[in-house]
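Structure below is run_11.cif: mmCIF, C-alpha atoms and all ligand atoms.
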data_start
loop_
_atom_site.label_atom_id
_atom_site.label_comp_id
_atom_site.auth_asym_id
_atom_site.auth_seq_id
_atom_site.Cartn_x
_atom_site.Cartn_y
_atom_site.Cartn_z
CA MET A 1 99.95 100.84 94.16
CA LEU A 2 97.63 98.59 92.15
CA THR A 3 96.80 95.29 93.82
CA ASP A 4 94.39 92.54 92.89
CA LYS A 5 92.26 90.52 95.30
CA PHE A 6 94.99 87.89 95.64
CA GLY A 7 97.46 90.53 96.83
CA ARG A 8 99.45 90.58 93.60
CA ASN A 9 101.03 93.94 92.81
CA ILE A 10 100.31 95.05 89.27
CA ASN A 11 103.17 97.21 88.01
CA TYR A 12 103.64 95.99 84.42
CA LEU A 13 101.56 97.10 81.44
CA ARG A 14 101.85 95.54 78.00
CA LEU A 15 100.49 97.95 75.43
CA ALA A 16 99.69 96.61 71.95
CA ILE A 17 99.79 99.70 69.75
CA VAL A 18 98.53 98.08 66.52
CA ASP A 19 97.14 94.72 65.39
CA ARG A 20 98.55 94.83 61.84
CA CYS A 21 101.73 93.05 61.00
CA ASN A 22 104.19 92.65 58.14
CA LEU A 23 104.66 88.92 58.90
CA ARG A 24 102.10 86.14 58.96
CA CYS A 25 103.54 83.73 61.54
CA THR A 26 101.51 80.54 61.34
CA TYR A 27 101.11 80.30 65.13
CA CYS A 28 99.77 83.88 65.31
CA MET A 29 97.51 84.55 62.33
CA PRO A 30 96.16 83.09 59.08
CA GLU A 31 97.86 83.75 55.75
CA LYS A 32 95.23 86.28 54.72
CA GLY A 33 95.73 88.24 57.94
CA LEU A 34 92.95 89.22 60.34
CA SER A 35 89.94 91.45 60.05
CA TRP A 36 91.98 94.43 61.20
CA ILE A 37 90.73 96.93 63.74
CA LYS A 38 89.12 99.89 61.97
CA GLN A 39 90.93 103.22 62.13
CA ASN A 40 88.29 104.87 64.34
CA GLU A 41 88.40 101.92 66.77
CA LEU A 42 92.17 102.06 67.06
CA MET A 43 93.32 104.25 69.92
CA THR A 44 94.96 107.52 68.93
CA ASP A 45 98.45 108.40 70.17
CA GLU A 46 96.87 110.81 72.67
CA GLU A 47 94.56 108.11 74.05
CA MET A 48 97.42 105.63 74.41
CA LEU A 49 99.56 108.23 76.12
CA ARG A 50 96.76 109.17 78.48
CA ILE A 51 96.19 105.54 79.45
CA CYS A 52 99.93 105.05 80.06
CA SER A 53 100.04 108.20 82.12
CA VAL A 54 97.05 107.16 84.26
CA PHE A 55 98.59 103.73 84.86
CA THR A 56 101.99 105.14 85.81
CA GLU A 57 100.28 107.43 88.32
CA MET A 58 98.73 104.27 89.79
CA GLY A 59 102.02 102.43 90.30
CA VAL A 60 102.85 100.90 86.92
CA ASP A 61 106.57 101.47 86.36
CA LYS A 62 107.19 99.05 83.53
CA ILE A 63 105.63 99.24 80.05
CA ARG A 64 106.24 96.98 77.07
CA ILE A 65 105.24 98.17 73.60
CA THR A 66 104.00 95.32 71.46
CA GLY A 67 101.42 94.53 68.77
CA GLY A 68 100.92 93.32 65.91
CA GLU A 69 104.21 94.71 64.79
CA PRO A 70 104.75 97.98 66.69
CA PHE A 71 106.77 99.63 63.91
CA VAL A 72 103.96 99.10 61.40
CA ARG A 73 101.98 101.78 63.25
CA LYS A 74 102.46 105.20 61.69
CA ASN A 75 104.86 107.37 63.73
CA SER A 76 105.19 104.71 66.41
CA ILE A 77 108.67 106.00 67.24
CA LYS A 78 107.14 109.37 68.24
CA LEU A 79 104.64 107.59 70.50
CA ILE A 80 107.45 105.54 72.03
CA GLN A 81 109.39 108.74 72.70
CA LYS A 82 106.39 110.34 74.45
CA ILE A 83 105.79 107.25 76.58
CA SER A 84 109.49 107.17 77.49
CA GLU A 85 109.11 110.67 78.95
CA LEU A 86 106.54 109.58 81.56
CA GLU A 87 108.08 110.44 84.89
CA GLU A 88 107.22 107.38 86.95
CA LEU A 89 108.36 104.92 84.29
CA THR A 90 111.59 103.03 85.09
CA ASP A 91 111.48 100.35 82.39
CA LEU A 92 110.27 100.75 78.81
CA SER A 93 110.81 97.84 76.44
CA ILE A 94 109.61 96.62 73.05
CA THR A 95 108.68 93.31 71.45
CA THR A 96 109.29 93.33 67.70
CA ASN A 97 109.76 91.00 64.76
CA GLY A 98 112.78 93.06 63.70
CA LEU A 99 111.75 93.83 60.11
CA LEU A 100 111.48 97.62 60.36
CA THR A 101 113.31 98.01 63.65
CA GLU A 102 116.94 98.52 62.62
CA GLN A 103 116.53 102.13 61.46
CA TYR A 104 115.08 103.16 64.84
CA ILE A 105 117.74 101.61 67.08
CA PRO A 106 119.73 104.83 67.68
CA GLN A 107 116.49 106.55 68.75
CA LEU A 108 115.45 103.64 70.96
CA LYS A 109 118.81 103.91 72.69
CA LYS A 110 118.31 107.67 73.12
CA TYR A 111 114.87 107.14 74.66
CA GLY A 112 116.35 104.82 77.27
CA ILE A 113 115.11 101.48 75.94
CA LYS A 114 117.41 98.95 77.59
CA SER A 115 115.82 95.73 76.41
CA VAL A 116 114.19 94.50 73.19
CA ASN A 117 112.46 91.16 72.70
CA LEU A 118 113.12 89.98 69.17
CA SER A 119 111.02 87.18 67.70
CA LEU A 120 113.07 84.60 65.84
CA ASP A 121 111.80 81.05 65.55
CA THR A 122 114.57 79.58 63.41
CA LEU A 123 118.11 80.19 62.14
CA ASP A 124 117.28 78.60 58.82
CA ARG A 125 116.16 80.87 55.94
CA ASP A 126 113.74 78.32 54.43
CA ARG A 127 112.12 77.48 57.73
CA PHE A 128 111.84 81.21 58.46
CA PHE A 129 109.85 81.61 55.26
CA LYS A 130 107.69 78.61 56.05
CA ILE A 131 106.85 79.86 59.53
CA THR A 132 106.46 83.59 58.83
CA ARG A 133 105.30 83.33 55.18
CA ARG A 134 107.72 86.16 54.33
CA ASN A 135 111.33 86.25 53.13
CA SER A 136 112.80 88.53 55.77
CA PHE A 137 115.32 86.46 57.69
CA ASP A 138 118.28 88.70 56.82
CA LYS A 139 116.52 91.81 58.11
CA VAL A 140 115.92 90.19 61.49
CA MET A 141 119.56 89.10 61.75
CA LYS A 142 120.73 92.65 60.89
CA THR A 143 118.46 94.01 63.61
CA LEU A 144 119.93 91.54 66.09
CA ASP A 145 123.48 92.66 65.22
CA ARG A 146 122.64 96.32 65.49
CA LEU A 147 120.84 95.96 68.82
CA LEU A 148 123.92 94.28 70.25
CA GLN A 149 126.17 96.97 68.75
CA TYR A 150 124.10 99.54 70.62
CA ASP A 151 124.40 97.55 73.81
CA ILE A 152 120.64 96.99 74.05
CA LYS A 153 119.79 93.77 75.86
CA VAL A 154 118.20 91.26 73.49
CA LYS A 155 115.83 88.49 74.40
CA ILE A 156 115.05 86.20 71.48
CA ASN A 157 111.52 84.77 71.55
CA THR A 158 111.14 81.37 69.89
CA VAL A 159 107.80 79.58 69.74
CA VAL A 160 108.54 75.85 69.63
CA MET A 161 106.38 73.84 67.23
CA GLU A 162 106.42 70.15 66.50
CA GLY A 163 107.46 69.50 62.90
CA GLU A 164 108.38 73.14 62.29
CA ASN A 165 111.45 74.29 64.19
CA THR A 166 112.48 71.75 66.81
CA GLU A 167 115.79 71.23 64.97
CA ASP A 168 116.51 74.88 65.71
CA ILE A 169 116.46 74.46 69.48
CA ILE A 170 120.11 73.42 69.81
CA PRO A 171 121.47 75.94 67.22
CA LEU A 172 119.56 78.66 69.06
CA VAL A 173 121.06 77.56 72.38
CA MET A 174 124.48 77.66 70.63
CA LEU A 175 123.82 81.31 69.75
CA THR A 176 124.23 82.04 73.46
CA LYS A 177 127.80 80.70 73.36
CA ASP A 178 129.35 83.87 71.94
CA LEU A 179 126.51 86.37 72.07
CA PRO A 180 125.11 88.02 75.20
CA VAL A 181 121.54 87.14 74.28
CA ASP A 182 118.80 85.45 76.25
CA VAL A 183 117.05 82.85 74.06
CA ARG A 184 113.59 82.00 75.40
CA PHE A 185 111.67 79.01 74.12
CA ILE A 186 107.93 79.57 74.36
CA GLU A 187 105.21 76.92 74.54
CA GLU A 188 102.76 77.51 71.71
CA MET A 189 99.45 79.01 72.81
CA PRO A 190 96.08 78.66 71.05
CA PHE A 191 96.00 82.26 69.74
CA ASN A 192 96.47 81.94 66.01
CA GLY A 193 93.37 83.73 64.75
CA GLY A 194 92.21 80.59 62.96
CA GLU A 195 90.52 77.26 63.25
CA THR A 196 93.44 74.95 63.85
CA ASP A 197 94.03 73.37 67.20
CA ILE A 198 97.52 73.16 68.56
CA SER A 199 99.17 70.01 69.81
CA LEU A 200 101.37 70.90 72.70
CA LYS A 201 103.96 68.17 72.35
CA TRP A 202 106.78 70.62 73.01
CA ASN A 203 105.86 71.72 76.48
CA PHE A 204 108.28 72.95 79.14
CA THR A 205 109.36 69.43 80.13
CA GLN A 206 110.02 68.29 76.57
CA ILE A 207 111.97 71.43 75.65
CA TYR A 208 114.06 71.22 78.82
CA SER A 209 114.94 67.56 78.46
CA HIS A 210 115.89 68.07 74.81
CA ILE A 211 118.32 70.83 75.80
CA LYS A 212 119.60 68.84 78.78
CA ASP A 213 120.32 65.84 76.53
CA HIS A 214 122.67 68.01 74.46
CA PHE A 215 124.04 70.09 77.32
CA PRO A 216 124.07 67.87 80.45
CA GLU A 217 126.09 70.62 82.19
CA ILE A 218 123.17 73.11 81.94
CA GLN A 219 122.66 75.01 85.18
CA LYS A 220 119.54 76.57 86.69
CA THR A 221 119.87 80.29 87.42
CA ASP A 222 117.66 82.59 89.48
CA ASP A 223 114.19 83.42 88.22
CA PRO A 224 113.46 87.05 89.10
CA LYS A 225 110.11 87.61 90.87
CA SER A 226 107.25 87.66 88.36
CA SER A 227 109.49 86.19 85.66
CA THR A 228 107.53 84.12 83.15
CA SER A 229 110.63 82.15 82.15
CA TYR A 230 112.54 79.42 83.92
CA ASN A 231 116.11 80.46 83.40
CA TYR A 232 119.28 78.49 82.68
CA LYS A 233 122.85 78.89 81.58
CA ILE A 234 125.37 76.67 79.90
CA PRO A 235 128.62 77.19 81.87
CA ASP A 236 131.05 79.56 80.07
CA PHE A 237 128.43 80.63 77.52
CA GLU A 238 127.96 84.41 77.18
CA GLY A 239 124.18 84.37 77.06
CA SER A 240 121.41 82.46 78.74
CA VAL A 241 118.43 80.28 77.98
CA GLY A 242 114.85 80.48 79.21
CA ILE A 243 111.71 78.40 78.83
CA ILE A 244 108.31 80.07 79.03
CA ALA A 245 105.51 77.72 80.05
CA ALA A 246 102.96 79.96 78.39
CA TYR A 247 100.42 77.22 77.79
CA THR A 248 101.08 75.21 80.95
CA ARG A 249 100.62 78.47 82.89
CA SER A 250 102.73 77.68 85.91
CA PHE A 251 103.70 81.28 86.67
CA CYS A 252 100.30 82.90 87.34
CA GLY A 253 100.79 83.06 91.11
CA ASP A 254 103.31 85.89 90.72
CA CYS A 255 101.62 87.66 87.82
CA ASN A 256 102.23 91.41 87.85
CA ARG A 257 100.91 92.27 84.39
CA ILE A 258 97.93 93.58 82.52
CA ARG A 259 97.38 94.21 78.83
CA ILE A 260 95.80 96.92 76.74
CA THR A 261 94.74 95.99 73.23
CA PRO A 262 95.11 98.40 70.29
CA SER A 263 91.41 99.24 70.56
CA GLY A 264 91.72 100.04 74.27
CA ILE A 265 90.44 96.91 75.99
CA LEU A 266 91.96 96.24 79.39
CA ARG A 267 92.71 92.53 79.72
CA THR A 268 93.79 91.51 83.17
CA CYS A 269 94.81 88.05 81.93
CA LEU A 270 96.08 86.82 78.56
CA TYR A 271 93.49 84.03 78.62
CA GLU A 272 90.60 86.35 79.45
CA GLY A 273 88.00 86.73 76.69
CA THR A 274 87.53 90.46 76.97
CA GLY A 275 87.53 93.38 79.38
CA ILE A 276 86.48 96.97 79.88
CA ASN A 277 87.16 99.28 76.93
CA LEU A 278 89.12 102.25 78.29
CA LYS A 279 89.06 104.06 74.95
CA HIS A 280 85.25 104.15 75.09
CA GLU A 281 85.46 105.52 78.63
CA ILE A 282 87.89 108.23 77.47
CA ARG A 283 85.66 109.10 74.51
CA MET A 284 82.69 109.37 76.86
CA GLY A 285 84.60 112.11 78.66
CA LYS A 286 85.70 110.31 81.84
CA THR A 287 88.17 112.17 84.04
CA ASP A 288 91.46 110.61 85.13
CA GLU A 289 89.97 109.92 88.57
CA GLU A 290 87.00 108.13 87.00
CA LEU A 291 89.33 106.10 84.78
CA LYS A 292 91.36 105.14 87.84
CA ASN A 293 88.25 103.87 89.64
CA ILE A 294 87.26 101.78 86.61
CA ILE A 295 90.79 100.35 86.44
CA ILE A 296 90.87 99.54 90.17
CA SER A 297 87.60 97.65 89.96
CA SER A 298 88.70 95.71 86.84
CA ILE A 299 92.01 94.75 88.39
CA HIS A 300 90.26 93.64 91.53
CA LYS A 301 88.52 91.03 89.38
CA LYS A 302 91.75 89.71 87.79
CA PRO A 303 91.36 85.92 87.66
CA LYS A 304 93.49 83.73 89.89
CA ASP A 305 95.22 82.13 86.92
CA GLY A 306 95.00 81.53 83.19
CA TRP A 307 92.96 78.36 83.69
CA GLU A 308 90.30 80.19 85.67
CA ALA A 309 90.31 83.05 83.13
CA GLU A 310 89.81 80.65 80.26
CA LYS A 311 86.99 78.86 82.04
CA LEU A 312 85.23 82.09 82.99
CA SER A 313 85.51 83.98 79.77
CA LEU A 314 86.37 82.10 76.64
CA THR A 315 84.02 80.48 74.26
CA ALA A 316 85.52 78.00 71.82
CA SER A 317 85.61 80.61 69.06
CA GLN A 318 87.32 83.19 71.24
CA ILE A 319 90.12 80.79 72.02
CA HIS A 320 91.27 81.28 68.46
CA GLN A 321 91.82 85.01 68.74
CA SER A 322 95.14 86.15 67.33
CA MET A 323 98.04 87.03 69.59
CA ALA A 324 98.44 90.10 67.37
CA THR A 325 95.26 91.61 68.79
CA ILE A 326 96.09 90.68 72.37
CA GLY A 327 99.69 91.78 72.29
CA GLY A 328 101.60 88.64 73.28
N1 LIG B 1 105.14 91.33 66.19
C1 LIG B 1 105.95 91.36 67.34
C2 LIG B 1 106.76 90.10 67.48
O1 LIG B 1 106.43 89.10 66.82
O2 LIG B 1 107.72 90.11 68.23
C3 LIG B 1 105.20 91.63 68.62
C4 LIG B 1 103.85 90.99 68.80
S1 LIG B 1 103.85 89.22 68.94
C5 LIG B 1 102.14 88.89 69.10
C6 LIG B 1 104.49 89.04 70.58
C7 LIG B 1 105.05 87.68 70.90
O3 LIG B 1 103.99 86.75 70.92
C8 LIG B 1 106.07 87.16 69.89
O4 LIG B 1 107.27 86.86 70.55
C9 LIG B 1 105.44 85.91 69.35
O5 LIG B 1 106.39 84.91 69.11
C10 LIG B 1 104.50 85.52 70.46
N2 LIG B 1 103.38 84.71 69.98
C11 LIG B 1 102.52 84.99 69.00
N3 LIG B 1 101.60 84.00 68.84
C12 LIG B 1 101.91 83.07 69.75
C13 LIG B 1 101.35 81.79 70.09
N4 LIG B 1 100.29 81.31 69.46
N5 LIG B 1 101.92 81.09 71.09
C14 LIG B 1 103.00 81.57 71.74
N6 LIG B 1 103.57 82.77 71.48
C15 LIG B 1 103.04 83.51 70.49
FE1 LIG B 2 103.32 89.43 63.39
FE2 LIG B 2 104.44 89.06 65.77
FE3 LIG B 2 102.19 87.76 65.07
FE4 LIG B 2 104.43 87.11 63.88
S1 LIG B 2 104.02 86.91 66.07
S2 LIG B 2 102.45 87.49 62.86
S3 LIG B 2 105.48 89.02 63.79
S4 LIG B 2 102.40 89.93 65.39
#

structure tokens encoding of this file:
Amino acid sequence: MLTDKFGRNINYLRLAIVDRCNLRCTYCMPEKGLSWIKQNELMTDEEMLRICSVFTEMGVDKIRITGGEPFVRKNSIKLIQKISELEELTDLSITTNGLLTEQYIPQLKKYGIKSVNLSLDTLDRDRFFKITRRNSFDKVMKTLDRLLQYDIKVKINTVVMEGENTEDIIPLVMLTKDLPVDVRFIEEMPFNGGETDISLKWNFTQIYSHIKDHFPEIQKTDDPKSSTSYNYKIPDFEGSVGIIAAYTRSFCGDCNRIRITPSGILRTCLYEGTGINLKHEIRMGKTDEELKNIIISSIHKKPKDGWEAEKLSLTASQIHQSMATIGG
């Protein structure tokens, strides 16, 4: 079992398999994209699989595939299949923007994927274009339908931004009336790959009181251990609502997660500037035992919370990394 120096059990790995993306969400990256990771710096399928295998032998039983957009990576479905076959894994899930996802849903079901996080910041076609800089709203909605048809649990991720999509909050809550989806409103974080600073007007408190004003009957439900969302339900609605205080960082005390970037960097906290590069260690010929020792010592140094991580590691320029290279 992997434990950090604060006694937190680390059993959840978020693996970003690519940094490239077919959208250009304003909160995540600039219009021109990023300076993408070079092919030889990107981990190969074999390296990713080896890292997943080493982690599962160390007690990780939950892996989320993310990116960039996971399905932009060549043959990502094959990699997902291989990861799904790891013996110790009990929970494999994916975060996707839904553009290329629909065609793979039958396979995802076959590989045992029970839950997909689908990013959708608005139910309005024009606002979708404004936020993502692409005209792909219908594709995302088709993916949503198909996931539900296949009885795959869907969590919708919505980043809330002043002046961009706050009028979507109530329509998105209404989506939970007849659909068994979990809509999660996320505080915007400063990871947009650019210069702009964010103004966090729509923090947890503001989002919650806005929903409560429209649905005074809203009820608090249980937050599973290590959940990043505060969870709610409108009585008699099929689905549920969550708020993720991603910027306020009020959930670090129960953190059970680590991240691997597409180039192989182990980040023990989202707000950490950098970390050890496991791909380099693999390419230098390290054995699994040696990799495990490196991982144990990195995890031991996992910061207490996102505030400490930011203070220890980030320079002003690093703050504006893109979420697409960190993995969300
Ligand atoms: N491309 C996939 C997608 O959009 O679902 C997976 C990668 S994306 C980086 C993972 C998650 O991070 C998405 O749900 C996205 O909304 C969220 N995200 C990206 N940039 C963010 C930011 N600056 N603040 C908060 N959440 C962000
Ligand atoms: Fe792409 Fe996801 Fe970033 Fe949007 S949030 S630009 S879909 S990686």

* Have a look at CA of Tyr230 (chain A) and CA of Tyr208 (chain A) and let me know their distance in Å, one decimal. =>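 Interatomic distance here is 9.8 Å.
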
* To do: Around ligand LIG 1 (chain B), at most 9 Å away and counting only C-alpha atoms and all ligand atoms, which residues are there? Put them as a PyMOL selection string, please.
  => chain A and resi 16+19-23+25-29+65-71+94-98+117-121+156-160+186-193+198+246-247+322-328

* Selected residue of minimal separation from Lys78 (chain A) among A:Thr287, A:Thr205, A:Thr248, A:Gln107, counting only C-alpha atoms ->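 Ranked by minimum distance to Lys78 (chain A), first place goes to A:Gln107.
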
* **Best match for closeness to ligand LIG 2 (chain B) among A:Ile37, A:Ile131, A:Asn75, A:Asn256, counting only C-alpha atoms and all ligand atoms** =>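 Of all the options, A:Ile131 lies closest to ligand LIG 2 (chain B).
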
* If you measure from CA of Asp4 (chain A) to CA of Glu272 (chain A), what distance in Å do you get, rounded to one decimal? -> 15.3 Å

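Relative to CA of Tyr271 (chain A), CA of Leu49 (chain A) is found at 25.1 Å.
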
* Looking at A:Val54, A:Ile152, A:Ile17, A:Lys38, which one is nearest to Arg73 (chain A), with distances taken over all atoms listed in the file? ->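 The shortest atom-to-atom distance to Arg73 (chain A) comes from A:Ile17.
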
* Residue with smallest distance to ligand LIG 2 (chain B) - pool A:Ile276, A:Val72, A:Leu92, A:Val181, counting only C-alpha atoms and all ligand atoms ->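 Nearest to ligand LIG 2 (chain B): A:Val72.
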
* Asked: Leaving out region 146-149 of chain A and any residue of its chain fewer than 5 positions from it, which residues lie within 8 Å of it when counting only C-alpha atoms, given as a PyMOL selection string?
  -> chain A and resi 102+105+154

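Considering the residues A:Leu42, A:Leu2, A:Ile234, A:Leu15 and counting all atoms listed in the file, Ser263 (chain A) has its shortest atom-to-atom contact with A:Leu42.
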
* Do you know which residues are at most 9 Å from Asn11 (chain A) counting all atoms listed in the file, after dropping those on the same chain fewer than 5 positions away, and could you put them as a PyMOL selection string? -> chain A and resi 1-3+55-56+58-63+256-258

Around ligand LIG 2 (chain B), with edges along x, y and z and 6 Å added on all six sides, what centre and edge lengths do you get, in Å to one decimal, as lines of an AutoDock Vina configuration file?
center_x = 103.8
center_y = 88.4
center_z = 64.5
size_x = 15.3
size_y = 15.0
size_z = 15.2

* Please provide as a VMD selection string all residues within 10 Å of Lys82 (chain A), with the sequence filter that same-chain residues fewer than 6 positions apart are discarded (counting all atoms listed in the file). => chain A and resid 45 to 46 49 76 111

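For the set A:Asn135, A:Gln81, A:Thr261, A:Gln39, the residue with the smallest atom-to-atom gap to Gly112 (chain A) is A:Gln81, counting only C-alpha atoms.
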
* Excluding Ile282 (chain A) and residues on its chain fewer than 5 positions from it, collect all residues at most 10 Å away from it, counting all atoms listed in the file, and give them as a VMD selection string. => chain A and resid 47 50 to 51 264 277 287 to 288 290 to 291

* Taking the point (94.3, 86.6, 97.4) as given in the file, collect each protein or nucleic acid residue that comes within 12 Å of it, counting only C-alpha atoms, and present the set as a list in words. =>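 Every polymer residue passing the test: Thr3, Asp4, Lys5, Phe6, Gly7, Arg8, Asn9, Gly253, Asp254, His300, Lys301, Lys302, Pro303, Lys304 and Asp305 of chain A.
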
Can you sort out region 152-160 of chain A so it carries all heavy atoms, written as a compact mmCIF listing (two decimals), keeping the file's coordinate frame?
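Okay, this is what ended up in part26.txt:
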# COMPACT_ATOMS: atom_id res chain seq x y z
N ILE A 152 122.02 97.16 73.57
CA ILE A 152 120.64 96.99 74.05
C ILE A 152 120.47 95.50 74.33
O ILE A 152 120.82 94.66 73.49
CB ILE A 152 119.62 97.48 73.00
CG1 ILE A 152 119.77 99.01 72.83
CG2 ILE A 152 118.20 97.11 73.40
CD1 ILE A 152 118.84 99.62 71.80
N LYS A 153 119.95 95.18 75.50
CA LYS A 153 119.79 93.77 75.86
C LYS A 153 118.76 93.11 74.94
O LYS A 153 117.69 93.67 74.70
CB LYS A 153 119.34 93.67 77.33
CG LYS A 153 119.24 92.25 77.80
CD LYS A 153 119.20 92.13 79.31
CE LYS A 153 118.99 90.70 79.73
NZ LYS A 153 119.74 89.69 78.95
N VAL A 154 119.11 91.94 74.41
CA VAL A 154 118.20 91.26 73.49
C VAL A 154 117.72 89.94 74.08
O VAL A 154 118.51 89.12 74.53
CB VAL A 154 118.89 90.95 72.14
CG1 VAL A 154 117.91 90.24 71.20
CG2 VAL A 154 119.40 92.23 71.49
N LYS A 155 116.40 89.79 74.08
CA LYS A 155 115.83 88.49 74.40
C LYS A 155 115.21 87.97 73.10
O LYS A 155 114.38 88.65 72.50
CB LYS A 155 114.74 88.61 75.48
CG LYS A 155 115.30 89.06 76.81
CD LYS A 155 114.21 89.10 77.84
CE LYS A 155 114.74 89.62 79.16
NZ LYS A 155 113.68 89.77 80.15
N ILE A 156 115.62 86.79 72.70
CA ILE A 156 115.05 86.20 71.48
C ILE A 156 113.87 85.33 71.88
O ILE A 156 114.00 84.47 72.76
CB ILE A 156 116.13 85.38 70.73
CG1 ILE A 156 117.18 86.35 70.18
CG2 ILE A 156 115.50 84.54 69.62
CD1 ILE A 156 118.32 85.68 69.45
N ASN A 157 112.72 85.57 71.26
CA ASN A 157 111.52 84.77 71.55
C ASN A 157 111.34 83.72 70.46
O ASN A 157 111.21 84.06 69.28
CB ASN A 157 110.27 85.66 71.55
CG ASN A 157 110.14 86.46 72.83
OD1 ASN A 157 110.88 86.26 73.79
ND2 ASN A 157 109.20 87.39 72.83
N THR A 158 111.31 82.46 70.85
CA THR A 158 111.14 81.37 69.89
C THR A 158 109.96 80.50 70.29
O THR A 158 109.98 79.90 71.37
CB THR A 158 112.42 80.48 69.88
OG1 THR A 158 113.54 81.29 69.59
CG2 THR A 158 112.30 79.34 68.88
N VAL A 159 108.93 80.47 69.47
CA VAL A 159 107.80 79.58 69.74
C VAL A 159 108.17 78.20 69.20
O VAL A 159 108.54 78.07 68.03
CB VAL A 159 106.52 80.10 69.04
CG1 VAL A 159 105.35 79.16 69.31
CG2 VAL A 159 106.19 81.52 69.51
N VAL A 160 108.10 77.19 70.05
CA VAL A 160 108.54 75.85 69.63
C VAL A 160 107.35 75.05 69.11
O VAL A 160 106.33 74.90 69.80
CB VAL A 160 109.19 75.10 70.81
CG1 VAL A 160 109.67 73.71 70.36
CG2 VAL A 160 110.36 75.90 71.38
